[in-house]
>>> print(open('upload.pdb').read())   # PDB, C-alpha atoms
MODEL        1
ATOM      1  CA  MET A1491     -62.115 -52.620 -32.018
ATOM      2  CA  ARG A1492     -59.824 -55.608 -31.848
ATOM      3  CA  GLY A1493     -62.361 -57.750 -33.675
ATOM      4  CA  TYR A1494     -62.548 -55.349 -36.612
ATOM      5  CA  VAL A1495     -58.803 -54.851 -36.929
ATOM      6  CA  ASP A1496     -58.252 -58.608 -36.711
ATOM      7  CA  TYR A1497     -60.877 -59.042 -39.454
ATOM      8  CA  LEU A1498     -58.880 -56.691 -41.688
ATOM      9  CA  THR A1499     -55.764 -58.705 -40.862
ATOM     10  CA  SER A1500     -57.576 -61.853 -42.005
ATOM     11  CA  ARG A1501     -58.435 -60.167 -45.315
ATOM     12  CA  ALA A1502     -54.902 -58.867 -45.915
ATOM     13  CA  ASP A1503     -52.425 -60.470 -48.307
ATOM     14  CA  ASN A1504     -48.892 -59.889 -47.016
ATOM     15  CA  HIS A1505     -50.360 -57.033 -44.927
ATOM     16  CA  ILE A1506     -52.004 -55.389 -47.962
ATOM     17  CA  VAL A1507     -55.775 -54.882 -47.801
ATOM     18  CA  SER A1508     -57.340 -54.599 -51.255
ATOM     19  CA  HIS A1509     -61.102 -54.200 -50.861
ATOM     20  CA  GLY A1510     -63.254 -51.081 -50.618
ATOM     21  CA  LEU A1511     -64.173 -48.007 -52.651
ATOM     22  CA  GLY A1512     -60.750 -46.415 -52.589
ATOM     23  CA  ASP A1513     -60.650 -42.623 -52.891
ATOM     24  CA  TRP A1514     -64.355 -42.472 -53.689
ATOM     25  CA  TYR A1515     -65.467 -39.741 -56.110
ATOM     26  CA  ASP A1516     -61.942 -38.541 -56.895
ATOM     27  CA  TYR A1517     -61.745 -35.775 -59.477
ATOM     28  CA  GLY A1518     -60.753 -35.881 -63.145
ATOM     29  CA  ASP A1519     -62.104 -35.934 -66.697
ATOM     30  CA  PHE A1520     -64.187 -39.013 -65.972
ATOM     31  CA  LYS A1521     -67.472 -39.971 -64.357
ATOM     32  CA  ALA A1522     -67.082 -39.887 -60.584
ATOM     33  CA  GLY A1523     -67.396 -43.103 -58.596
ATOM     34  CA  PHE A1524     -64.875 -45.756 -57.630
ATOM     35  CA  SER A1525     -61.345 -44.448 -57.180
ATOM     36  CA  LYS A1526     -59.650 -43.881 -60.544
ATOM     37  CA  ASN A1527     -56.616 -41.725 -59.724
ATOM     38  CA  THR A1528     -55.402 -43.800 -56.787
ATOM     39  CA  PRO A1529     -55.102 -47.591 -56.271
ATOM     40  CA  VAL A1530     -57.833 -49.021 -54.043
ATOM     41  CA  PRO A1531     -55.325 -51.219 -52.115
ATOM     42  CA  LEU A1532     -53.214 -48.160 -51.263
ATOM     43  CA  VAL A1533     -56.228 -46.409 -49.753
ATOM     44  CA  ALA A1534     -57.452 -49.528 -47.954
ATOM     45  CA  THR A1535     -54.045 -50.404 -46.501
ATOM     46  CA  THR A1536     -53.369 -46.907 -45.193
ATOM     47  CA  HIS A1537     -56.656 -47.021 -43.306
ATOM     48  CA  TYR A1538     -55.835 -50.496 -42.024
ATOM     49  CA  TYR A1539     -52.588 -49.035 -40.715
ATOM     50  CA  LEU A1540     -54.473 -46.092 -39.176
ATOM     51  CA  ASP A1541     -56.821 -48.514 -37.403
ATOM     52  CA  ILE A1542     -53.844 -50.393 -35.981
ATOM     53  CA  CYS A1543     -52.374 -47.127 -34.692
ATOM     54  CA  TYR A1544     -55.658 -46.393 -32.923
ATOM     55  CA  MET A1545     -55.529 -49.870 -31.381
ATOM     56  CA  ILE A1546     -52.033 -49.165 -30.030
ATOM     57  CA  GLU A1547     -53.199 -45.893 -28.514
ATOM     58  CA  ALA A1548     -56.305 -47.454 -26.974
ATOM     59  CA  ALA A1549     -54.319 -50.373 -25.525
ATOM     60  CA  ARG A1550     -51.855 -47.934 -23.989
ATOM     61  CA  MET A1551     -54.663 -45.867 -22.449
ATOM     62  CA  VAL A1552     -56.300 -48.872 -20.753
ATOM     63  CA  GLY A1553     -53.013 -50.469 -19.709
ATOM     64  CA  ASN A1554     -53.240 -53.505 -22.002
ATOM     65  CA  ALA A1555     -49.519 -54.146 -22.487
ATOM     66  CA  TRP A1556     -50.015 -57.337 -24.502
ATOM     67  CA  ASP A1557     -52.217 -55.663 -27.122
ATOM     68  CA  GLU A1558     -49.945 -52.629 -27.227
ATOM     69  CA  ALA A1559     -46.925 -54.824 -27.995
ATOM     70  CA  TYR A1560     -48.814 -57.020 -30.476
ATOM     71  CA  TYR A1561     -50.265 -54.179 -32.533
ATOM     72  CA  THR A1562     -47.014 -52.227 -32.392
ATOM     73  CA  ARG A1563     -45.290 -55.172 -34.082
ATOM     74  CA  LEU A1564     -48.134 -55.460 -36.575
ATOM     75  CA  ALA A1565     -47.959 -51.747 -37.431
ATOM     76  CA  LYS A1566     -44.241 -52.072 -38.139
ATOM     77  CA  GLU A1567     -44.852 -55.031 -40.451
ATOM     78  CA  VAL A1568     -47.690 -53.265 -42.292
ATOM     79  CA  LYS A1569     -45.572 -50.138 -42.751
ATOM     80  CA  GLU A1570     -42.721 -52.152 -44.245
ATOM     81  CA  ALA A1571     -45.064 -54.083 -46.547
ATOM     82  CA  PHE A1572     -46.833 -50.891 -47.614
ATOM     83  CA  ASN A1573     -43.597 -49.151 -48.597
ATOM     84  CA  GLU A1574     -42.332 -52.231 -50.404
ATOM     85  CA  LYS A1575     -45.584 -52.470 -52.364
ATOM     86  CA  PHE A1576     -46.348 -48.845 -53.174
ATOM     87  CA  PHE A1577     -43.201 -46.701 -52.856
ATOM     88  CA  ASP A1578     -40.754 -46.068 -55.709
ATOM     89  CA  PRO A1579     -37.446 -44.882 -54.192
ATOM     90  CA  VAL A1580     -36.244 -43.646 -57.594
ATOM     91  CA  THR A1581     -39.151 -41.305 -58.364
ATOM     92  CA  ARG A1582     -39.960 -40.753 -54.659
ATOM     93  CA  GLN A1583     -43.622 -41.363 -55.453
ATOM     94  CA  TYR A1584     -46.312 -43.614 -53.989
ATOM     95  CA  GLY A1585     -48.820 -45.607 -56.012
ATOM     96  CA  THR A1586     -49.813 -43.783 -59.180
ATOM     97  CA  ALA A1587     -48.175 -40.535 -57.954
ATOM     98  CA  SER A1588     -51.644 -39.037 -57.519
ATOM     99  CA  GLN A1589     -52.297 -36.477 -54.831
ATOM    100  CA  ALA A1590     -54.064 -39.014 -52.626
ATOM    101  CA  SER A1591     -51.303 -41.580 -53.238
ATOM    102  CA  ASN A1592     -48.712 -39.244 -51.714
ATOM    103  CA  ALA A1593     -50.859 -37.364 -49.182
ATOM    104  CA  LEU A1594     -52.076 -40.470 -47.344
ATOM    105  CA  PRO A1595     -48.627 -41.872 -46.421
ATOM    106  CA  LEU A1596     -47.375 -38.370 -45.574
ATOM    107  CA  PHE A1597     -50.287 -37.757 -43.204
ATOM    108  CA  LEU A1598     -49.923 -41.160 -41.549
ATOM    109  CA  ASP A1599     -46.127 -40.905 -41.198
ATOM    110  CA  LEU A1600     -45.594 -43.963 -43.382
ATOM    111  CA  VAL A1601     -42.832 -42.223 -45.341
ATOM    112  CA  ASP A1602     -39.264 -42.921 -44.221
ATOM    113  CA  PRO A1603     -37.654 -39.675 -42.984
ATOM    114  CA  GLN A1604     -35.032 -39.506 -45.750
ATOM    115  CA  TYR A1605     -37.768 -39.446 -48.423
ATOM    116  CA  ARG A1606     -40.323 -37.200 -46.739
ATOM    117  CA  GLU A1607     -39.313 -33.860 -48.289
ATOM    118  CA  ASP A1608     -39.153 -35.347 -51.778
ATOM    119  CA  VAL A1609     -42.590 -36.968 -51.467
ATOM    120  CA  LEU A1610     -44.029 -33.700 -50.179
ATOM    121  CA  GLY A1611     -42.364 -31.849 -53.046
ATOM    122  CA  ASN A1612     -43.911 -34.258 -55.552
ATOM    123  CA  LEU A1613     -47.330 -33.698 -53.981
ATOM    124  CA  VAL A1614     -46.990 -29.927 -54.306
ATOM    125  CA  LYS A1615     -45.722 -30.264 -57.875
ATOM    126  CA  ASP A1616     -48.771 -32.308 -58.874
ATOM    127  CA  ILE A1617     -51.127 -29.717 -57.392
ATOM    128  CA  GLN A1618     -49.348 -26.982 -59.321
ATOM    129  CA  GLU A1619     -49.362 -28.989 -62.551
ATOM    130  CA  HIS A1620     -53.137 -29.245 -62.219
ATOM    131  CA  GLY A1621     -53.398 -25.455 -62.054
ATOM    132  CA  ASN A1622     -53.352 -25.404 -58.241
ATOM    133  CA  ARG A1623     -56.338 -27.720 -58.196
ATOM    134  CA  LEU A1624     -57.049 -30.951 -56.343
ATOM    135  CA  THR A1625     -57.646 -34.424 -57.772
ATOM    136  CA  THR A1626     -58.546 -36.162 -54.503
ATOM    137  CA  GLY A1627     -61.924 -37.619 -53.608
ATOM    138  CA  ASP A1628     -64.077 -37.833 -50.526
ATOM    139  CA  VAL A1629     -61.505 -39.948 -48.725
ATOM    140  CA  GLY A1630     -58.355 -38.233 -49.943
ATOM    141  CA  ASN A1631     -59.542 -34.654 -49.426
ATOM    142  CA  ARG A1632     -58.990 -34.805 -45.681
ATOM    143  CA  TYR A1633     -55.453 -36.119 -45.996
ATOM    144  CA  LEU A1634     -54.521 -33.670 -48.727
ATOM    145  CA  PHE A1635     -55.854 -30.663 -46.819
ATOM    146  CA  GLN A1636     -54.272 -31.637 -43.515
ATOM    147  CA  THR A1637     -50.940 -32.631 -45.056
ATOM    148  CA  LEU A1638     -50.647 -29.179 -46.600
ATOM    149  CA  ALA A1639     -51.674 -27.488 -43.345
ATOM    150  CA  ARG A1640     -49.343 -29.569 -41.172
ATOM    151  CA  ASN A1641     -46.424 -28.708 -43.415
ATOM    152  CA  GLY A1642     -47.052 -24.966 -43.392
ATOM    153  CA  LEU A1643     -48.445 -24.867 -46.945
ATOM    154  CA  ASN A1644     -51.510 -22.816 -46.064
ATOM    155  CA  GLU A1645     -50.933 -20.321 -48.879
ATOM    156  CA  LEU A1646     -51.155 -23.158 -51.390
ATOM    157  CA  MET A1647     -54.227 -24.466 -49.597
ATOM    158  CA  TYR A1648     -55.849 -21.034 -49.910
ATOM    159  CA  THR A1649     -54.942 -20.692 -53.589
ATOM    160  CA  MET A1650     -56.327 -24.166 -54.249
ATOM    161  CA  HIS A1651     -59.745 -23.151 -52.910
ATOM    162  CA  ASN A1652     -60.079 -19.411 -53.507
ATOM    163  CA  HIS A1653     -61.697 -19.493 -56.956
ATOM    164  CA  GLU A1654     -65.021 -20.138 -58.684
ATOM    165  CA  GLU A1655     -64.050 -23.079 -60.888
ATOM    166  CA  THR A1656     -64.409 -26.830 -60.509
ATOM    167  CA  PRO A1657     -63.179 -28.544 -58.490
ATOM    168  CA  GLY A1658     -63.902 -25.987 -55.808
ATOM    169  CA  TYR A1659     -66.377 -24.723 -53.256
ATOM    170  CA  GLY A1660     -66.575 -21.366 -55.057
ATOM    171  CA  PHE A1661     -68.229 -22.970 -58.072
ATOM    172  CA  GLN A1662     -70.921 -24.468 -55.844
ATOM    173  CA  LEU A1663     -71.641 -21.050 -54.351
ATOM    174  CA  LYS A1664     -71.713 -19.521 -57.825
ATOM    175  CA  PHE A1665     -74.082 -22.283 -58.931
ATOM    176  CA  GLY A1666     -76.399 -21.340 -56.074
ATOM    177  CA  ALA A1667     -75.881 -24.335 -53.796
ATOM    178  CA  THR A1668     -76.819 -23.754 -50.157
ATOM    179  CA  THR A1669     -75.554 -27.150 -48.996
ATOM    180  CA  LEU A1670     -72.542 -29.235 -49.980
ATOM    181  CA  THR A1671     -73.111 -31.297 -53.114
ATOM    182  CA  GLU A1672     -71.915 -34.819 -53.767
ATOM    183  CA  GLN A1673     -69.921 -33.810 -56.849
ATOM    184  CA  TRP A1674     -67.731 -30.754 -57.338
ATOM    185  CA  ASP A1675     -69.867 -29.879 -60.352
ATOM    186  CA  PRO A1676     -73.541 -30.100 -59.302
ATOM    187  CA  ARG A1677     -74.532 -30.200 -62.975
ATOM    188  CA  GLN A1678     -73.127 -33.733 -63.153
ATOM    189  CA  GLY A1679     -75.963 -35.028 -60.988
ATOM    190  CA  SER A1680     -75.904 -36.924 -57.683
ATOM    191  CA  SER A1681     -77.036 -35.481 -54.363
ATOM    192  CA  TRP A1682     -77.269 -31.730 -53.783
ATOM    193  CA  ASN A1683     -77.372 -32.161 -50.012
ATOM    194  CA  HIS A1684     -74.429 -34.246 -48.916
ATOM    195  CA  PHE A1685     -71.836 -34.199 -46.143
ATOM    196  CA  MET A1686     -69.062 -35.230 -48.546
ATOM    197  CA  MET A1687     -66.304 -32.650 -49.108
ATOM    198  CA  GLY A1688     -66.898 -31.129 -45.663
ATOM    199  CA  GLN A1689     -63.305 -31.858 -44.644
ATOM    200  CA  ILE A1690     -62.247 -28.232 -45.161
ATOM    201  CA  ASP A1691     -63.988 -27.340 -41.866
ATOM    202  CA  LYS A1692     -60.930 -28.591 -39.968
ATOM    203  CA  TRP A1693     -58.753 -26.127 -41.881
ATOM    204  CA  PHE A1694     -61.144 -23.256 -41.194
ATOM    205  CA  PHE A1695     -61.034 -23.792 -37.434
ATOM    206  CA  ALA A1696     -57.556 -25.208 -36.814
ATOM    207  CA  SER A1697     -55.559 -23.211 -39.367
ATOM    208  CA  LEU A1698     -57.361 -20.015 -40.374
ATOM    209  CA  ALA A1699     -58.752 -19.339 -36.892
ATOM    210  CA  GLY A1700     -55.979 -21.373 -35.274
ATOM    211  CA  ILE A1701     -58.051 -23.117 -32.585
ATOM    212  CA  GLN A1702     -56.203 -26.364 -31.829
ATOM    213  CA  TYR A1703     -56.273 -28.880 -29.018
ATOM    214  CA  ASP A1704     -53.094 -29.562 -27.068
ATOM    215  CA  GLU A1705     -51.864 -33.031 -28.082
ATOM    216  CA  GLU A1706     -50.190 -33.488 -24.681
ATOM    217  CA  ARG A1707     -53.296 -32.384 -22.760
ATOM    218  CA  PRO A1708     -56.406 -33.163 -24.841
ATOM    219  CA  GLY A1709     -59.833 -31.953 -23.723
ATOM    220  CA  TYR A1710     -59.382 -28.192 -24.179
ATOM    221  CA  GLN A1711     -58.638 -27.335 -20.545
ATOM    222  CA  HIS A1712     -55.404 -26.161 -22.134
ATOM    223  CA  PHE A1713     -55.328 -25.469 -25.857
ATOM    224  CA  VAL A1714     -53.461 -23.675 -28.617
ATOM    225  CA  ILE A1715     -54.441 -20.650 -30.700
ATOM    226  CA  ARG A1716     -52.245 -20.294 -33.781
ATOM    227  CA  PRO A1717     -53.991 -18.441 -36.631
ATOM    228  CA  GLU A1718     -52.643 -18.533 -40.191
ATOM    229  CA  PRO A1719     -53.428 -15.355 -42.138
ATOM    230  CA  VAL A1720     -53.193 -16.243 -45.827
ATOM    231  CA  GLY A1721     -53.738 -14.700 -49.238
ATOM    232  CA  ASP A1722     -55.913 -11.620 -49.309
ATOM    233  CA  LEU A1723     -58.054 -12.579 -46.309
ATOM    234  CA  THR A1724     -58.735  -9.503 -44.187
ATOM    235  CA  TYR A1725     -60.544 -11.131 -41.266
ATOM    236  CA  VAL A1726     -61.558 -14.430 -39.665
ATOM    237  CA  LYS A1727     -64.056 -15.025 -36.859
ATOM    238  CA  ALA A1728     -64.632 -18.384 -35.187
ATOM    239  CA  THR A1729     -65.991 -19.917 -31.997
ATOM    240  CA  HIS A1730     -65.653 -23.399 -30.558
ATOM    241  CA  GLU A1731     -67.911 -24.771 -27.836
ATOM    242  CA  SER A1732     -65.543 -26.681 -25.554
ATOM    243  CA  LEU A1733     -66.466 -28.597 -22.399
ATOM    244  CA  TYR A1734     -65.310 -25.576 -20.398
ATOM    245  CA  GLY A1735     -67.056 -22.842 -22.375
ATOM    246  CA  THR A1736     -66.836 -20.889 -25.615
ATOM    247  CA  ILE A1737     -63.444 -20.282 -27.200
ATOM    248  CA  LYS A1738     -63.497 -17.222 -29.464
ATOM    249  CA  VAL A1739     -61.005 -16.026 -32.055
ATOM    250  CA  ASP A1740     -61.441 -12.857 -34.081
ATOM    251  CA  TRP A1741     -58.593 -11.468 -36.187
ATOM    252  CA  GLN A1742     -58.294  -8.816 -38.860
ATOM    253  CA  ARG A1743     -55.684  -7.192 -41.051
ATOM    254  CA  LYS A1744     -55.922  -3.505 -41.850
ATOM    255  CA  ASN A1745     -53.295  -0.995 -43.001
ATOM    256  CA  GLY A1746     -50.458  -3.408 -42.224
ATOM    257  CA  ILE A1747     -51.661  -4.039 -38.653
ATOM    258  CA  PHE A1748     -52.737  -7.511 -37.536
ATOM    259  CA  THR A1749     -55.147  -7.509 -34.578
ATOM    260  CA  LEU A1750     -55.986 -10.739 -32.772
ATOM    261  CA  ASN A1751     -58.812 -10.916 -30.218
ATOM    262  CA  VAL A1752     -59.208 -14.110 -28.187
ATOM    263  CA  SER A1753     -61.565 -15.227 -25.449
ATOM    264  CA  ILE A1754     -60.422 -17.979 -23.074
ATOM    265  CA  PRO A1755     -63.072 -19.779 -20.943
ATOM    266  CA  VAL A1756     -62.936 -19.840 -17.141
ATOM    267  CA  ASN A1757     -60.572 -22.435 -15.618
ATOM    268  CA  THR A1758     -58.700 -22.924 -18.880
ATOM    269  CA  SER A1759     -55.442 -21.667 -20.345
ATOM    270  CA  ALA A1760     -54.013 -21.289 -23.827
ATOM    271  CA  GLN A1761     -50.785 -20.965 -25.723
ATOM    272  CA  VAL A1762     -51.196 -18.141 -28.234
ATOM    273  CA  TRP A1763     -48.963 -17.777 -31.280
ATOM    274  CA  VAL A1764     -49.215 -14.303 -32.749
ATOM    275  CA  PRO A1765     -48.254 -14.396 -36.466
ATOM    276  CA  GLY A1766     -44.713 -13.176 -37.020
ATOM    277  CA  GLU A1767     -43.604 -13.755 -33.428
ATOM    278  CA  LYS A1768     -41.099 -16.512 -32.644
ATOM    279  CA  GLU A1769     -42.327 -17.406 -29.165
ATOM    280  CA  PRO A1770     -45.867 -18.169 -27.935
ATOM    281  CA  ARG A1771     -47.645 -16.412 -25.103
ATOM    282  CA  GLU A1772     -49.180 -18.343 -22.204
ATOM    283  CA  ILE A1773     -52.472 -16.882 -21.041
ATOM    284  CA  SER A1774     -55.292 -17.941 -18.710
ATOM    285  CA  SER A1775     -59.035 -17.295 -18.782
ATOM    286  CA  GLY A1776     -60.199 -13.898 -19.972
ATOM    287  CA  ASP A1777     -60.359 -11.680 -23.045
ATOM    288  CA  TYR A1778     -57.170 -10.527 -24.769
ATOM    289  CA  THR A1779     -56.116  -8.374 -27.708
ATOM    290  CA  PHE A1780     -52.759  -8.672 -29.474
ATOM    291  CA  THR A1781     -51.467  -6.467 -32.295
ATOM    292  CA  THR A1782     -48.463  -6.728 -34.577
ATOM    293  CA  ASN A1783     -47.217  -5.389 -37.886
ATOM    294  CA  LEU A1784     -47.951  -7.870 -40.658
TER     295      LEU A1784
ENDMDL
END
>>> encode(input="upload.pdb", output="structure tokens")
Amino acid sequence: MRGYVDYLTSRADNHIVSHGLGDWYDYGDFKAGFSKNTPVPLVATTHYYLDICYMIEAARMVGNAWDEAYYTRLAKEVKEAFNEKFFDPVTRQYGTASQASNALPLFLDLVDPQYREDVLGNLVKDIQEHGNRLTTGDVGNRYLFQTLARNGLNELMYTMHNHEETPGYGFQLKFGATTLTEQWDPRQGSSWNHFMMGQIDKWFFASLAGIQYDEERPGYQHFVIRPEPVGDLTYVKATHESLYGTIKVDWQRKNGIFTLNVSIPVNTSAQVWVPGEKEPREISSGDYTFTTNL
């Protein structure tokens, strides 16, 4: 890990890494391929920064104080260089102001606190100006989706995907695709059996079903269930095979009543957030049903 991060450091110019594909296959009125909406160096440098953050975490876990201190300093320097290079404090935009340009630094906490709400607002505005559609590619999709989810913008996330136009999963279903395609519009060619654009799975499980690991106690011996009912969805069913057994979530909305069924594996516990309630419930292994007006 250290060897790879140090290699990226050797390729950086004033902490900016400029090689790679960028936000590969981003969307627009052009032939998909190399990133066109978002600068390649912005994408490369954010991932360089992410790698450094992983190094800090790994060094801390194994008790390597020297590496932890070294990469902590490096992360600070990269963050400063990144903001100096790509952030415009007047417009409160990053890079070309594309969705990926703003979503990446928001996701990675590269945005200074005093600018965060404005950058997020600019991201939402761009989505809306594109008719509630995305312009990100196979790299940026993940960061766009998770930035919206982490900031409670699940209704916008739902609106962005609940249609049968391009770019969207609905068009692929309408086209007759049974696997994910490489391009949003399968008629444009490329592979019809590709893992690209699969990043929405995280939103299905962690947001719609609400199955989330506990950041303080990873491993799913204790976890969080926090479903997000959105739009006109009437039900969601999901299971996750953890190391301790199967976690099940099944919720439905009918006649103004929200019913949440959960199954907690033996020797585990969970914090359950019922939509509309201000405090979570702590439960241990077993099957539970919660109801509320919604």
>>> resolve_selection(input="upload.pdb", expression="the PyMOL selection byres ((chain A and resi 1717) around 7)", output="list in words")
Ser1697, Leu1698, Ala1699, Gly1700, Ile1715, Arg1716, Glu1718 and Pro1719 of chain A
>>> write_last_selection(input="upload.pdb", atoms="C-alpha atoms", output="compact mmCIF listing (two decimals), keeping the file's coordinate frame")
# COMPACT_ATOMS: atom_id res chain seq x y z
CA SER A 1697 -55.56 -23.21 -39.37
CA LEU A 1698 -57.36 -20.02 -40.37
CA ALA A 1699 -58.75 -19.34 -36.89
CA GLY A 1700 -55.98 -21.37 -35.27
CA ILE A 1715 -54.44 -20.65 -30.70
CA ARG A 1716 -52.24 -20.29 -33.78
CA GLU A 1718 -52.64 -18.53 -40.19
CA PRO A 1719 -53.43 -15.36 -42.14
>>> closest_residue(input="upload.pdb", among="A:Tyr1725, A:Tyr1544, A:Tyr1605, A:Phe1665", to="Ala1565 (chain A)", atoms="all atoms listed in the file")
A:Tyr1544
>>> atom_distance(input="upload.pdb", atom1="CA of Gln1678 (chain A)", atom2="CA of Ala1590 (chain A)")
22.4 Å
>>> closest_residue(input="upload.pdb", among="A:Ala1593, A:Phe1635, A:Glu1772, A:Pro1657", to="Gly1621 (chain A)", atoms="all atoms listed in the file")
A:Pro1657
>>> axis_aligned_box(input="upload.pdb", around="region 1552-1566 of chain A", padding_each_side="6 Å", output="lines of an AutoDock Vina configuration file")
center_x = -50.3
center_y = -53.1
center_z = -28.9
size_x = 24.1
size_y = 20.5
size_z = 30.4
>>> residues_near_point(input="upload.pdb", point="(-37.6, -44.8, -50.1)", cutoff="7 Å", atoms="only C-alpha atoms", output="list of chain:residue names")
A:Phe1577, A:Asp1578, A:Pro1579, A:Arg1582, A:Asp1602, A:Tyr1605
>>> write_last_selection(input="upload.pdb", atoms="C-alpha atoms", output="compact mmCIF listing (two decimals), in the coordinates of the input")
# COMPACT_ATOMS: atom_id res chain seq x y z
CA PHE A 1577 -43.20 -46.70 -52.86
CA ASP A 1578 -40.75 -46.07 -55.71
CA PRO A 1579 -37.45 -44.88 -54.19
CA ARG A 1582 -39.96 -40.75 -54.66
CA ASP A 1602 -39.26 -42.92 -44.22
CA TYR A 1605 -37.77 -39.45 -48.42
>>> closest_residue(input="upload.pdb", among="A:Gln1589, A:Met1687, A:Val1720, A:Gln1711", to="Asn1652 (chain A)", atoms="all atoms listed in the file")
A:Val1720
>>> resolve_selection(input="upload.pdb", expression="the PyMOL selection byres ((chain A and resi 1601) around 12)", output="PyMOL selection string")
chain A and resi 1536+1569-1570+1572-1574+1576-1579+1582-1584+1591-1600+1602-1610
>>> closest_residue(input="upload.pdb", among="A:Asn1631, A:Thr1736, A:Asn1554, A:Asn1504", to="Val1568 (chain A)", atoms="all atoms listed in the file")
A:Asn1504
